[in-house]
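What's in model_26.pdb: PDB, C-alpha atoms
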```pdb
ATOM      1  CA  MET A   1     -12.325  -2.244  74.833  1.00  0.00           C
ATOM      2  CA  SER A   2     -14.237  -3.564  71.916  1.00  0.00           C
ATOM      3  CA  GLY A   3     -15.049  -1.871  68.648  1.00  0.00           C
ATOM      4  CA  PRO A   4     -18.484  -0.561  67.626  1.00  0.00           C
ATOM      5  CA  GLY A   5     -19.644  -3.772  65.739  1.00  0.00           C
ATOM      6  CA  GLU A   6     -18.142  -6.450  67.967  1.00  0.00           C
ATOM      7  CA  PRO A   7     -21.063  -7.027  70.462  1.00  0.00           C
ATOM      8  CA  LYS A   8     -23.496  -7.460  67.550  1.00  0.00           C
ATOM      9  CA  THR A   9     -21.165  -9.892  65.805  1.00  0.00           C
ATOM     10  CA  ALA A  10     -20.729 -11.904  69.013  1.00  0.00           C
ATOM     11  CA  ARG A  11     -24.501 -12.121  69.504  1.00  0.00           C
ATOM     12  CA  ARG A  12     -24.989 -13.220  65.894  1.00  0.00           C
ATOM     13  CA  ALA A  13     -22.289 -15.887  66.213  1.00  0.00           C
ATOM     14  CA  ALA A  14     -23.852 -17.147  69.465  1.00  0.00           C
ATOM     15  CA  ALA A  15     -27.315 -17.266  67.842  1.00  0.00           C
ATOM     16  CA  LEU A  16     -25.917 -19.107  64.812  1.00  0.00           C
ATOM     17  CA  ILE A  17     -24.207 -21.676  67.034  1.00  0.00           C
ATOM     18  CA  GLY A  18     -27.429 -22.101  69.033  1.00  0.00           C
ATOM     19  CA  VAL A  19     -29.457 -22.684  65.833  1.00  0.00           C
ATOM     20  CA  MET A  20     -26.885 -25.178  64.577  1.00  0.00           C
ATOM     21  CA  VAL A  21     -26.993 -27.096  67.890  1.00  0.00           C
ATOM     22  CA  LEU A  22     -30.811 -27.206  67.772  1.00  0.00           C
ATOM     23  CA  ALA A  23     -30.839 -28.229  64.113  1.00  0.00           C
ATOM     24  CA  GLY A  24     -28.317 -30.995  64.794  1.00  0.00           C
ATOM     25  CA  GLY A  25     -30.415 -32.241  67.692  1.00  0.00           C
ATOM     26  CA  MET A  26     -33.582 -32.180  65.607  1.00  0.00           C
ATOM     27  CA  ALA A  27     -31.864 -33.993  62.745  1.00  0.00           C
ATOM     28  CA  ALA A  28     -31.076 -36.875  65.096  1.00  0.00           C
ATOM     29  CA  CYS A  29     -34.828 -37.357  65.693  1.00  0.00           C
ATOM     30  CA  ALA A  30     -36.576 -39.638  63.265  1.00  0.00           C
ATOM     31  CA  TYR A  31     -40.285 -39.854  62.516  1.00  0.00           C
ATOM     32  CA  GLU A  32     -41.453 -42.982  60.789  1.00  0.00           C
ATOM     33  CA  ASP A  33     -45.022 -43.220  59.531  1.00  0.00           C
ATOM     34  CA  GLY A  34     -46.210 -46.797  59.191  1.00  0.00           C
ATOM     35  CA  GLY A  35     -49.264 -45.759  57.174  1.00  0.00           C
ATOM     36  CA  ALA A  36     -52.674 -44.796  58.493  1.00  0.00           C
ATOM     37  CA  ALA A  37     -53.082 -44.006  62.128  1.00  0.00           C
ATOM     38  CA  GLN A  38     -53.787 -47.075  64.207  1.00  0.00           C
ATOM     39  CA  PRO A  39     -57.202 -46.946  65.866  1.00  0.00           C
ATOM     40  CA  THR A  40     -57.375 -46.917  69.625  1.00  0.00           C
ATOM     41  CA  SER A  41     -58.906 -49.885  71.398  1.00  0.00           C
ATOM     42  CA  ALA A  42     -61.973 -47.760  72.127  1.00  0.00           C
ATOM     43  CA  VAL A  43     -62.877 -47.624  68.420  1.00  0.00           C
ATOM     44  CA  GLN A  44     -61.737 -51.051  67.239  1.00  0.00           C
ATOM     45  CA  SER A  45     -64.498 -53.302  66.031  1.00  0.00           C
ATOM     46  CA  HIS A  46     -64.340 -56.931  67.035  1.00  0.00           C
ATOM     47  CA  ARG A  47     -67.235 -58.017  64.825  1.00  0.00           C
ATOM     48  CA  PRO A  48     -66.457 -60.939  62.534  1.00  0.00           C
ATOM     49  CA  ALA A  49     -66.144 -60.233  58.840  1.00  0.00           C
ATOM     50  CA  PRO A  50     -69.365 -60.862  56.934  1.00  0.00           C
ATOM     51  CA  SER A  51     -69.446 -64.258  55.329  1.00  0.00           C
ATOM     52  CA  VAL A  52     -71.211 -65.486  52.235  1.00  0.00           C
ATOM     53  CA  PRO A  53     -73.862 -68.031  53.134  1.00  0.00           C
ATOM     54  CA  ALA A  54     -73.098 -71.572  52.059  1.00  0.00           C
ATOM     55  CA  LYS A  55     -74.998 -73.066  49.124  1.00  0.00           C
ATOM     56  CA  ASP A  56     -77.257 -75.925  49.967  1.00  0.00           C
ATOM     57  CA  GLN A  57     -76.593 -79.369  48.519  1.00  0.00           C
ATOM     58  CA  GLY A  58     -79.373 -79.061  45.937  1.00  0.00           C
ATOM     59  CA  VAL A  59     -77.918 -75.839  44.511  1.00  0.00           C
ATOM     60  CA  LEU A  60     -74.431 -77.378  44.420  1.00  0.00           C
ATOM     61  CA  GLU A  61     -75.738 -80.338  42.412  1.00  0.00           C
ATOM     62  CA  VAL A  62     -77.557 -78.045  39.942  1.00  0.00           C
ATOM     63  CA  GLU A  63     -74.440 -75.904  39.629  1.00  0.00           C
ATOM     64  CA  ALA A  64     -72.234 -78.959  38.957  1.00  0.00           C
ATOM     65  CA  ALA A  65     -74.601 -80.142  36.207  1.00  0.00           C
ATOM     66  CA  ASN A  66     -74.690 -76.612  34.746  1.00  0.00           C
ATOM     67  CA  TYR A  67     -70.867 -76.424  34.697  1.00  0.00           C
ATOM     68  CA  ALA A  68     -70.728 -79.764  32.853  1.00  0.00           C
ATOM     69  CA  GLU A  69     -73.156 -78.440  30.210  1.00  0.00           C
ATOM     70  CA  LEU A  70     -71.272 -75.124  30.008  1.00  0.00           C
ATOM     71  CA  HIS A  71     -67.936 -76.842  29.324  1.00  0.00           C
ATOM     72  CA  LYS A  72     -69.550 -79.011  26.614  1.00  0.00           C
ATOM     73  CA  ARG A  73     -70.865 -75.878  24.900  1.00  0.00           C
ATOM     74  CA  LEU A  74     -67.570 -73.986  25.194  1.00  0.00           C
ATOM     75  CA  GLY A  75     -65.576 -76.972  23.923  1.00  0.00           C
ATOM     76  CA  THR A  76     -66.823 -76.323  20.382  1.00  0.00           C
ATOM     77  CA  ALA A  77     -64.608 -73.251  19.830  1.00  0.00           C
ATOM     78  CA  PRO A  78     -62.007 -73.716  17.073  1.00  0.00           C
ATOM     79  CA  GLY A  79     -58.299 -72.919  17.592  1.00  0.00           C
ATOM     80  CA  SER A  80     -55.984 -72.827  20.585  1.00  0.00           C
ATOM     81  CA  VAL A  81     -57.332 -71.284  23.784  1.00  0.00           C
ATOM     82  CA  LEU A  82     -55.902 -67.899  24.788  1.00  0.00           C
ATOM     83  CA  LEU A  83     -58.329 -67.193  27.641  1.00  0.00           C
ATOM     84  CA  ALA A  84     -60.912 -69.401  29.344  1.00  0.00           C
ATOM     85  CA  ASP A  85     -62.920 -68.619  32.447  1.00  0.00           C
ATOM     86  CA  ALA A  86     -66.241 -69.481  34.030  1.00  0.00           C
ATOM     87  CA  GLY A  87     -68.072 -68.582  37.191  1.00  0.00           C
ATOM     88  CA  PRO A  88     -71.397 -68.305  38.966  1.00  0.00           C
ATOM     89  CA  ALA A  89     -74.033 -66.249  37.134  1.00  0.00           C
ATOM     90  CA  ASP A  90     -76.384 -65.766  40.072  1.00  0.00           C
ATOM     91  CA  GLY A  91     -76.273 -65.182  43.805  1.00  0.00           C
ATOM     92  CA  PRO A  92     -73.952 -62.928  45.810  1.00  0.00           C
ATOM     93  CA  GLY A  93     -70.735 -64.478  44.423  1.00  0.00           C
ATOM     94  CA  VAL A  94     -71.619 -63.699  40.823  1.00  0.00           C
ATOM     95  CA  GLY A  95     -69.058 -62.980  38.142  1.00  0.00           C
ATOM     96  CA  PHE A  96     -65.450 -63.328  37.131  1.00  0.00           C
ATOM     97  CA  THR A  97     -62.639 -61.273  35.671  1.00  0.00           C
ATOM     98  CA  LYS A  98     -59.641 -62.726  33.905  1.00  0.00           C
ATOM     99  CA  ALA A  99     -56.859 -61.093  31.891  1.00  0.00           C
ATOM    100  CA  VAL A 100     -54.215 -62.496  29.542  1.00  0.00           C
ATOM    101  CA  THR A 101     -51.600 -61.120  27.177  1.00  0.00           C
ATOM    102  CA  VAL A 102     -52.289 -61.178  23.447  1.00  0.00           C
ATOM    103  CA  MET A 103     -48.944 -61.921  21.813  1.00  0.00           C
ATOM    104  CA  THR A 104     -50.094 -61.818  18.178  1.00  0.00           C
ATOM    105  CA  ALA A 105     -52.504 -59.150  16.950  1.00  0.00           C
ATOM    106  CA  GLY A 106     -55.280 -60.259  14.647  1.00  0.00           C
ATOM    107  CA  PRO A 107     -58.622 -62.061  14.565  1.00  0.00           C
ATOM    108  CA  HIS A 108     -59.615 -64.148  17.575  1.00  0.00           C
ATOM    109  CA  THR A 109     -62.831 -66.082  18.174  1.00  0.00           C
ATOM    110  CA  VAL A 110     -64.821 -65.263  21.298  1.00  0.00           C
ATOM    111  CA  THR A 111     -67.200 -67.987  22.445  1.00  0.00           C
ATOM    112  CA  ALA A 112     -69.523 -67.318  25.383  1.00  0.00           C
ATOM    113  CA  THR A 113     -72.527 -69.037  26.884  1.00  0.00           C
ATOM    114  CA  CYS A 114     -74.422 -69.550  30.124  1.00  0.00           C
ATOM    115  CA  VAL A 115     -76.640 -72.202  31.694  1.00  0.00           C
ATOM    116  CA  GLY A 116     -79.406 -71.864  34.274  1.00  0.00           C
ATOM    117  CA  THR A 117     -80.400 -68.246  33.651  1.00  0.00           C
ATOM    118  CA  PRO A 118     -81.984 -66.436  30.667  1.00  0.00           C
ATOM    119  CA  GLY A 119     -78.955 -64.285  29.903  1.00  0.00           C
ATOM    120  CA  VAL A 120     -75.845 -62.508  31.139  1.00  0.00           C
ATOM    121  CA  GLN A 121     -73.655 -59.641  30.050  1.00  0.00           C
ATOM    122  CA  MET A 122     -69.899 -59.919  29.615  1.00  0.00           C
ATOM    123  CA  PHE A 123     -67.329 -57.358  28.514  1.00  0.00           C
ATOM    124  CA  LEU A 124     -64.037 -57.639  26.673  1.00  0.00           C
ATOM    125  CA  THR A 125     -61.557 -54.880  27.393  1.00  0.00           C
ATOM    126  CA  GLN A 126     -58.170 -54.219  25.814  1.00  0.00           C
ATOM    127  CA  ASP A 127     -55.923 -52.045  27.953  1.00  0.00           C
ATOM    128  CA  GLY A 128     -53.764 -49.426  26.317  1.00  0.00           C
ATOM    129  CA  THR A 129     -55.520 -49.466  22.941  1.00  0.00           C
ATOM    130  CA  GLY A 130     -58.006 -46.686  23.653  1.00  0.00           C
ATOM    131  CA  ALA A 131     -60.814 -48.963  22.488  1.00  0.00           C
ATOM    132  CA  LYS A 132     -64.055 -49.050  24.428  1.00  0.00           C
ATOM    133  CA  PRO A 133     -65.064 -52.273  26.188  1.00  0.00           C
ATOM    134  CA  VAL A 134     -66.913 -54.656  23.856  1.00  0.00           C
ATOM    135  CA  PRO A 135     -70.234 -55.723  25.409  1.00  0.00           C
ATOM    136  CA  LEU A 136     -71.344 -59.300  24.862  1.00  0.00           C
ATOM    137  CA  ASP A 137     -75.042 -59.818  25.553  1.00  0.00           C
ATOM    138  CA  VAL A 138     -75.306 -63.573  25.923  1.00  0.00           C
ATOM    139  CA  ASP A 139     -78.631 -65.359  25.409  1.00  0.00           C
ATOM    140  CA  CYS A 140     -78.278 -68.586  27.379  1.00  0.00           C
ATOM    141  CA  SER A 141     -80.429 -70.567  24.963  1.00  0.00           C
ATOM    142  CA  ARG A 142     -77.515 -70.587  22.498  1.00  0.00           C
ATOM    143  CA  VAL A 143     -73.737 -70.220  22.225  1.00  0.00           C
ATOM    144  CA  LEU A 144     -72.456 -66.796  21.187  1.00  0.00           C
ATOM    145  CA  SER A 145     -69.532 -66.939  18.765  1.00  0.00           C
ATOM    146  CA  LYS A 146     -67.974 -63.750  17.483  1.00  0.00           C
ATOM    147  CA  VAL A 147     -64.734 -62.889  15.683  1.00  0.00           C
ATOM    148  CA  VAL A 148     -62.940 -59.872  17.177  1.00  0.00           C
ATOM    149  CA  VAL A 149     -59.665 -58.266  16.168  1.00  0.00           C
ATOM    150  CA  LEU A 150     -57.348 -57.962  19.162  1.00  0.00           C
ATOM    151  CA  GLN A 151     -54.158 -55.909  19.383  1.00  0.00           C
ATOM    152  CA  LYS A 152     -50.976 -56.970  21.180  1.00  0.00           C
ATOM    153  CA  GLY A 153     -51.256 -56.350  24.904  1.00  0.00           C
ATOM    154  CA  TYR A 154     -53.619 -57.230  27.716  1.00  0.00           C
ATOM    155  CA  VAL A 155     -57.200 -58.340  27.129  1.00  0.00           C
ATOM    156  CA  SER A 156     -59.629 -59.035  29.937  1.00  0.00           C
ATOM    157  CA  ALA A 157     -63.056 -60.622  30.120  1.00  0.00           C
ATOM    158  CA  GLN A 158     -65.590 -59.800  32.827  1.00  0.00           C
ATOM    159  CA  LEU A 159     -68.975 -61.298  33.684  1.00  0.00           C
ATOM    160  CA  ILE A 160     -71.428 -58.661  34.858  1.00  0.00           C
ATOM    161  CA  ARG A 161     -74.890 -59.331  36.230  1.00  0.00           C
ATOM    162  CA  PRO A 162     -77.354 -56.512  36.939  1.00  0.00           C
ATOM    163  CA  ASP A 163     -78.625 -58.139  40.160  1.00  0.00           C
ATOM    164  CA  PRO A 164     -75.646 -59.564  42.085  1.00  0.00           C
ATOM    165  CA  THR A 165     -77.751 -59.985  45.237  1.00  0.00           C
ATOM    166  CA  GLY A 166     -80.279 -62.377  43.716  1.00  0.00           C
ATOM    167  CA  ALA A 167     -80.865 -65.889  44.940  1.00  0.00           C
ATOM    168  CA  TRP A 168     -78.483 -68.759  44.189  1.00  0.00           C
ATOM    169  CA  LYS A 169     -79.982 -71.175  41.713  1.00  0.00           C
ATOM    170  CA  GLY A 170     -76.795 -72.710  40.301  1.00  0.00           C
ATOM    171  CA  ALA A 171     -76.562 -70.627  37.111  1.00  0.00           C
ATOM    172  CA  VAL A 172     -73.112 -70.412  35.496  1.00  0.00           C
ATOM    173  CA  ALA A 173     -71.492 -68.551  32.595  1.00  0.00           C
ATOM    174  CA  GLY A 174     -68.207 -68.865  30.735  1.00  0.00           C
ATOM    175  CA  ILE A 175     -66.090 -67.465  27.955  1.00  0.00           C
ATOM    176  CA  GLU A 176     -63.222 -68.635  25.758  1.00  0.00           C
ATOM    177  CA  ILE A 177     -61.030 -66.601  23.438  1.00  0.00           C
ATOM    178  CA  THR A 178     -59.266 -68.723  20.870  1.00  0.00           C
ATOM    179  CA  VAL A 179     -56.574 -67.896  18.332  1.00  0.00           C
ATOM    180  CA  ARG A 180     -57.659 -68.753  14.784  1.00  0.00           C
TER     181      ARG A 180
END
```
Kindly return the structure encoded in the file as structure tokens.
Amino acid sequence: MSGPGEPKTARRAAALIGVMVLAGGMAACAYEDGGAAQPTSAVQSHRPAPSVPAKDQGVLEVEAANYAELHKRLGTAPGSVLLADAGPADGPGVGFTKAVTVMTAGPHTVTATCVGTPGVQMFLTQDGTGAKPVPLDVDCSRVLSKVVVLQKGYVSAQLIRPDPTGAWKGAVAGIEITVR
């Protein structure tokens, strides 16, 4: 004959063993998430990615001549080049962004210009300094030259155009940052 608490203890032990067996079985299961859910074939799109229309030969020739003029204008900056970039200033592929590391804080010369359009806007940004981006409103009839004080760290230059969907005419813009 068993004592007054023994049936309860036996049931608790059996329940505990059952939970442990289930937990061990569940632990052996693995769920691996490879990221976002894969779409079913019913919702997959087989449309080709949109492509940028090709420039015609006349625009390519104008653009090549504009790049040659742009590089002549930018070549006047004094000092050694820290950052140099150029890109289209009209059409759907407008703009550029480039970043470099400033190793020595101090004054740097920013030279910017454009060819084939009345003007563009560029920005200089220094990450980690808390400074606001420096806008550069570039009048393409001249070369903009400005001395800026840069801190150690990353600096980036971006070409922004208000109408990135305009027609391609071969306009280009560029920037150089030189160490004085």
Point-to-point distance from CA of Thr111 (chain A) to CA of Val138 (chain A), Å rounded to tenths: 9.9 Å
Considering all atoms listed in the file, state which residue in the set A:Thr76, A:Thr101, A:Thr117, A:Thr109 is at the smallest distance from Lys169 (chain A).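 Distance minimum relative to Lys169 (chain A) lands on A:Thr117.
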Using only C-alpha atoms, find the one residue out of A:Val148, A:Val115, A:Val110, A:Val155 that sits nearest to Gly79 (chain A).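 Checking each of A:Val148, A:Val115, A:Val110, A:Val155 against Gly79 (chain A), counting only C-alpha atoms, the winner is A:Val110.
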What's around Pro92 (chain A) at 7 Å? Count all atoms listed in the file, leave out sequence neighbours fewer than 2 positions away in its own chain, and write the answer as a CSV table (one decimal) with C-alpha atoms, in the frame of the given file.
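The new file selection02.csv reads:
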```csv
chain,number,residue,atom,x,y,z
A,90,ASP,CA,-76.4,-65.8,40.1
A,94,VAL,CA,-71.6,-63.7,40.8
A,164,PRO,CA,-75.6,-59.6,42.1
A,165,THR,CA,-77.8,-60.0,45.2
A,166,GLY,CA,-80.3,-62.4,43.7
```
Edge lengths and centre in Å to one decimal, as lines of an AutoDock Vina configuration file, is what I'm after for the box along x, y and z that holds all listed atoms of region 154-164 of chain A once 4 Å is added on each side.
```
center_x = -66.1
center_y = -58.9
center_z = 34.6
size_x = 33.0
size_y = 12.8
size_z = 23.0
```
Name the residues captured by the PyMOL selection byres ((chain A and resi 159) around 9) when it is applied to the shown file; answer as a VMD selection string. chain A and resid 86 to 87 89 94 to 97 120 to 123 157 to 158 160 to 161 173 to 175
So, counting all atoms listed in the file, which residue among A:Thr178, A:Thr125, A:Gln57, A:Gln151 is closest to Gly75 (chain A)?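 Looking at the shortest contact to Gly75 (chain A), the residue is A:Thr178.
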With all atoms listed in the file as the atoms that count, which of A:Ser141, A:Gly170, A:Ala112, A:Ser156 lies nearest to Val59 (chain A)?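 Once distances to Val59 (chain A) are computed over all atoms listed in the file, the minimum belongs to A:Gly170.
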Going by the chain IDs and residue numbers used in this file, which residues fall under the PyMOL selection byres ((chain A and resi 143) around 7)? Write them as a PyMOL selection string. chain A and resi 73+111-113+142+144-145
Protein and nucleic acid residues near (-61.4, -67.6, 14.4) (cut-off 6 Å, only C-alpha atoms) as number ranges by chain: A: 108-109, 147, 180
Select, from A:Ala105, A:Val149, A:Ala77, A:Cys140, the residue with the minimum atom-to-atom distance to Leu124 (chain A), counting all atoms listed in the file.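 Of A:Ala105, A:Val149, A:Ala77, A:Cys140, the one nearest Leu124 (chain A) is A:Val149, counting all atoms listed in the file.
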Quick check, in Å to one decimal: how far apart do CA of Ala131 (chain A) and CA of Pro107 (chain A) lie?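 Those two atoms sit 15.5 Å apart.
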